[in-house]
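Colleague: Contents of query_16.pdb (PDB, C-alpha atoms, pLDDT in the B column):
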```pdb
ATOM      1  CA  MET A   1       1.132   2.962  39.178  1.00 49.00           C
ATOM      2  CA  THR A   2      -0.061   2.571  35.591  1.00 60.00           C
ATOM      3  CA  ASP A   3       1.723   3.629  32.433  1.00 66.00           C
ATOM      4  CA  ASP A   4      -0.782   6.504  32.164  1.00 72.00           C
ATOM      5  CA  ASN A   5       0.752   8.111  35.270  1.00 83.00           C
ATOM      6  CA  ILE A   6       4.350   7.973  34.064  1.00 84.00           C
ATOM      7  CA  ASP A   7       5.962  10.986  32.399  1.00 84.00           C
ATOM      8  CA  TRP A   8       8.112   9.102  29.881  1.00 76.00           C
ATOM      9  CA  ILE A   9       9.747  12.266  28.524  1.00 79.00           C
ATOM     10  CA  ALA A  10      10.902  13.273  32.021  1.00 82.00           C
ATOM     11  CA  ARG A  11      12.117   9.736  32.715  1.00 79.00           C
ATOM     12  CA  ALA A  12      14.101   9.669  29.469  1.00 76.00           C
ATOM     13  CA  GLY A  13      15.901  12.844  30.540  1.00 75.00           C
ATOM     14  CA  THR A  14      16.964  11.608  33.984  1.00 78.00           C
ATOM     15  CA  ARG A  15      20.655  11.221  34.583  1.00 77.00           C
ATOM     16  CA  ALA A  16      22.384   8.139  35.848  1.00 74.00           C
ATOM     17  CA  LYS A  17      24.209   8.444  39.148  1.00 78.00           C
ATOM     18  CA  GLY A  18      27.961   8.730  39.051  1.00 74.00           C
ATOM     19  CA  LYS A  19      30.420   9.946  36.474  1.00 76.00           C
ATOM     20  CA  ARG A  20      29.876   9.287  32.775  1.00 71.00           C
ATOM     21  CA  PRO A  21      32.147   6.577  31.353  1.00 68.00           C
ATOM     22  CA  ASP A  22      35.317   7.812  29.683  1.00 71.00           C
ATOM     23  CA  THR A  23      36.646   4.585  28.218  1.00 74.00           C
ATOM     24  CA  LEU A  24      37.336   6.040  24.770  1.00 74.00           C
ATOM     25  CA  LYS A  25      39.099   9.164  26.113  1.00 80.00           C
ATOM     26  CA  ASP A  26      37.265  11.279  23.534  1.00 82.00           C
ATOM     27  CA  TYR A  27      34.068  13.150  24.395  1.00 85.00           C
ATOM     28  CA  ASN A  28      32.698  13.092  20.850  1.00 87.00           C
ATOM     29  CA  ALA A  29      33.376   9.369  20.460  1.00 85.00           C
ATOM     30  CA  GLU A  30      31.717   8.679  23.821  1.00 86.00           C
ATOM     31  CA  ARG A  31      28.683  10.757  22.865  1.00 87.00           C
ATOM     32  CA  THR A  32      28.427   9.074  19.460  1.00 89.00           C
ATOM     33  CA  LEU A  33      28.678   5.628  21.036  1.00 87.00           C
ATOM     34  CA  SER A  34      26.009   6.578  23.575  1.00 87.00           C
ATOM     35  CA  VAL A  35      23.634   7.720  20.837  1.00 91.00           C
ATOM     36  CA  LEU A  36      24.370   4.638  18.744  1.00 91.00           C
ATOM     37  CA  MET A  37      23.680   2.273  21.637  1.00 91.00           C
ATOM     38  CA  ALA A  38      20.421   4.089  22.469  1.00 92.00           C
ATOM     39  CA  VAL A  39      19.276   3.747  18.848  1.00 95.00           C
ATOM     40  CA  ALA A  40      20.343   0.089  18.809  1.00 95.00           C
ATOM     41  CA  ALA A  41      18.270  -0.537  21.944  1.00 94.00           C
ATOM     42  CA  GLU A  42      15.239   1.123  20.354  1.00 95.00           C
ATOM     43  CA  VAL A  43      15.651  -0.977  17.201  1.00 96.00           C
ATOM     44  CA  ALA A  44      15.828  -4.114  19.361  1.00 95.00           C
ATOM     45  CA  VAL A  45      12.483  -3.158  20.923  1.00 94.00           C
ATOM     46  CA  VAL A  46      10.959  -2.558  17.490  1.00 96.00           C
ATOM     47  CA  LYS A  47      12.256  -5.933  16.307  1.00 96.00           C
ATOM     48  CA  GLU A  48      10.617  -7.685  19.267  1.00 95.00           C
ATOM     49  CA  ARG A  49       7.347  -5.838  18.742  1.00 95.00           C
ATOM     50  CA  LEU A  50       7.353  -6.742  15.054  1.00 96.00           C
ATOM     51  CA  ASP A  51       8.022 -10.363  15.996  1.00 96.00           C
ATOM     52  CA  THR A  52       4.990 -10.183  18.284  1.00 96.00           C
ATOM     53  CA  VAL A  53       2.813  -8.791  15.493  1.00 96.00           C
ATOM     54  CA  GLU A  54       3.968 -11.492  13.077  1.00 96.00           C
ATOM     55  CA  ARG A  55       3.378 -14.315  15.562  1.00 95.00           C
ATOM     56  CA  LEU A  56      -0.055 -13.020  16.531  1.00 96.00           C
ATOM     57  CA  LEU A  57      -1.084 -12.583  12.894  1.00 96.00           C
ATOM     58  CA  ASP A  58       0.040 -16.135  12.138  1.00 95.00           C
ATOM     59  CA  ALA A  59      -1.961 -17.443  15.096  1.00 93.00           C
ATOM     60  CA  LYS A  60      -5.097 -15.288  14.898  1.00 93.00           C
ATOM     61  CA  GLY A  61      -5.291 -13.668  11.468  1.00 92.00           C
ATOM     62  CA  SER A  62      -6.129 -10.240  12.910  1.00 92.00           C
ATOM     63  CA  ILE A  63      -4.988  -8.502  16.071  1.00 94.00           C
ATOM     64  CA  SER A  64      -5.529  -5.463  18.233  1.00 95.00           C
ATOM     65  CA  ARG A  65      -3.080  -3.216  20.042  1.00 94.00           C
ATOM     66  CA  ALA A  66      -4.222  -4.866  23.275  1.00 95.00           C
ATOM     67  CA  ASP A  67      -3.229  -8.271  21.853  1.00 95.00           C
ATOM     68  CA  ILE A  68       0.243  -6.930  21.085  1.00 95.00           C
ATOM     69  CA  ASP A  69       0.659  -5.312  24.502  1.00 94.00           C
ATOM     70  CA  ALA A  70      -0.514  -8.458  26.317  1.00 95.00           C
ATOM     71  CA  TYR A  71       1.680 -10.896  24.379  1.00 95.00           C
ATOM     72  CA  GLU A  72       4.462 -12.685  26.272  1.00 94.00           C
ATOM     73  CA  ALA A  73       6.907 -14.849  24.374  1.00 94.00           C
ATOM     74  CA  THR A  74       7.386 -18.263  25.978  1.00 93.00           C
ATOM     75  CA  GLY A  75       9.003 -21.533  25.024  1.00 95.00           C
ATOM     76  CA  GLU A  76      10.281 -21.707  21.472  1.00 95.00           C
ATOM     77  CA  ALA A  77       9.287 -18.097  20.717  1.00 95.00           C
ATOM     78  CA  ALA A  78      11.291 -16.817  23.686  1.00 95.00           C
ATOM     79  CA  TYR A  79      14.280 -18.925  22.633  1.00 96.00           C
ATOM     80  CA  GLU A  80      14.108 -17.691  19.035  1.00 96.00           C
ATOM     81  CA  ARG A  81      13.925 -14.079  20.237  1.00 95.00           C
ATOM     82  CA  ALA A  82      16.913 -14.560  22.521  1.00 95.00           C
ATOM     83  CA  VAL A  83      18.973 -15.985  19.654  1.00 95.00           C
ATOM     84  CA  ALA A  84      17.884 -13.180  17.310  1.00 95.00           C
ATOM     85  CA  THR A  85      18.806 -10.547  19.914  1.00 95.00           C
ATOM     86  CA  LYS A  86      22.189 -12.161  20.530  1.00 94.00           C
ATOM     87  CA  GLU A  87      22.897 -12.187  16.779  1.00 94.00           C
ATOM     88  CA  TYR A  88      21.761  -8.561  16.463  1.00 94.00           C
ATOM     89  CA  VAL A  89      24.050  -7.380  19.246  1.00 93.00           C
ATOM     90  CA  ALA A  90      26.936  -9.401  17.792  1.00 93.00           C
ATOM     91  CA  ARG A  91      26.467  -7.654  14.424  1.00 93.00           C
ATOM     92  CA  ILE A  92      26.440  -4.224  16.069  1.00 92.00           C
ATOM     93  CA  MET A  93      29.517  -4.958  18.169  1.00 90.00           C
ATOM     94  CA  ARG A  94      31.399  -6.858  15.422  1.00 90.00           C
ATOM     95  CA  GLY A  95      33.921  -4.076  14.769  1.00 87.00           C
ATOM     96  CA  MET A  96      34.884  -3.728  18.421  1.00 84.00           C
ATOM     97  CA  GLN A  97      34.990  -7.505  18.846  1.00 87.00           C
ATOM     98  CA  GLN A  98      37.342  -7.863  15.877  1.00 88.00           C
ATOM     99  CA  GLU A  99      39.635  -5.164  17.268  1.00 86.00           C
ATOM    100  CA  MET A 100      39.763  -6.894  20.652  1.00 84.00           C
ATOM    101  CA  GLU A 101      40.538 -10.226  19.003  1.00 86.00           C
ATOM    102  CA  ALA A 102      43.313  -8.597  16.961  1.00 84.00           C
ATOM    103  CA  MET A 103      44.829  -7.065  20.102  1.00 80.00           C
ATOM    104  CA  GLN A 104      44.729 -10.435  21.870  1.00 83.00           C
ATOM    105  CA  ALA A 105      46.301 -12.183  18.870  1.00 82.00           C
ATOM    106  CA  ALA A 106      49.120  -9.648  18.537  1.00 76.00           C
ATOM    107  CA  PRO A 107      52.395 -11.065  19.851  1.00 82.00           C
ATOM    108  CA  GLU A 108      53.803  -9.388  22.929  1.00 82.00           C
ATOM    109  CA  PRO A 109      57.109  -7.606  22.287  1.00 82.00           C
ATOM    110  CA  SER A 110      60.212  -9.109  23.835  1.00 85.00           C
ATOM    111  CA  MET A 111      62.092  -7.346  26.617  1.00 88.00           C
ATOM    112  CA  ALA A 112      64.821  -6.449  24.102  1.00 88.00           C
ATOM    113  CA  GLU A 113      62.240  -4.784  21.832  1.00 87.00           C
ATOM    114  CA  LEU A 114      60.712  -2.889  24.746  1.00 86.00           C
ATOM    115  CA  SER A 115      64.162  -1.727  25.883  1.00 88.00           C
ATOM    116  CA  ALA A 116      65.007  -0.536  22.397  1.00 88.00           C
ATOM    117  CA  LYS A 117      61.765   1.435  22.165  1.00 86.00           C
ATOM    118  CA  LEU A 118      62.431   3.065  25.543  1.00 87.00           C
ATOM    119  CA  ARG A 119      65.927   4.079  24.413  1.00 87.00           C
ATOM    120  CA  GLU A 120      64.482   5.649  21.247  1.00 87.00           C
ATOM    121  CA  SER A 121      61.957   7.782  23.080  1.00 77.00           C
TER     122      SER A 121
END
```
Would you mind giving the structure from this file in structure tokens?
Modeller:
Amino acid sequence: MTDDNIDWIARAGTRAKGKRPDTLKDYNAERTLSVLMAVAAEVAVVKERLDTVERLLDAKGSISRADIDAYEATGEAAYERAVATKEYVARIMRGMQQEMEAMQAAPEPSMAELSAKLRES
């Protein structure tokens, strides 16, 4: 099957099997996160395609769409892309990562503190 035979709009609208994640316990937050991650994924693709264009222009001086579509990063180029993608994802997820680190660094309350809180409630 070639790309010409694929209905990309229909494929984009297909639903994943199973229940949607509910880790944030807030529908609007879940939907916003879903949209944000979809946009982040699209930007990652654009970044890779731009990297391809830049590398091909450096190597050849002029390029065609076919050159871009046929390009496969190998060796040092593949490594550099992997590092750039890792850094990109780390920047996007920085806020959540910092919150997780803060939760892990927070001291656990003593049994006396827990008992006092239970008595108060």
Colleague: Evaluate the PyMOL selection byres ((chain A and resi 48) around 12) on the structure here and hand back the selected residues as a ChimeraX atom specification.
Modeller: /A:41-47,49-55,68-69,71-73,77-78,80-85,88
Colleague: If I take CA of Met93 in chain A and CA of Met37 in chain A, how far is one from the other in Å, to one decimal?
Modeller: 9.9 Å
Colleague: Grab the CA of Met96 in chain A to CA of Leu33 in chain A distance for me, in Å with one decimal place.
Modeller: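 Answer for the CA of Met96 in chain A to CA of Leu33 in chain A separation: 11.5 Å.
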Colleague: Given 3 Å on each side, where is the centre and what are the edge lengths in Å to one decimal of the axis-aligned box enclosing the listed atoms of range 51-63 of chain A, as JSON?
Modeller:
```
{"center_x": 0.9, "center_y": -13.0, "center_z": 14.9, "size_x": 20.2, "size_y": 14.9, "size_z": 12.8}
```
Colleague: Work out how far CA of Val39 in chain A is from CA of Ala90 in chain A, in Å to one decimal.
Modeller: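 The value is 15.3 Å.
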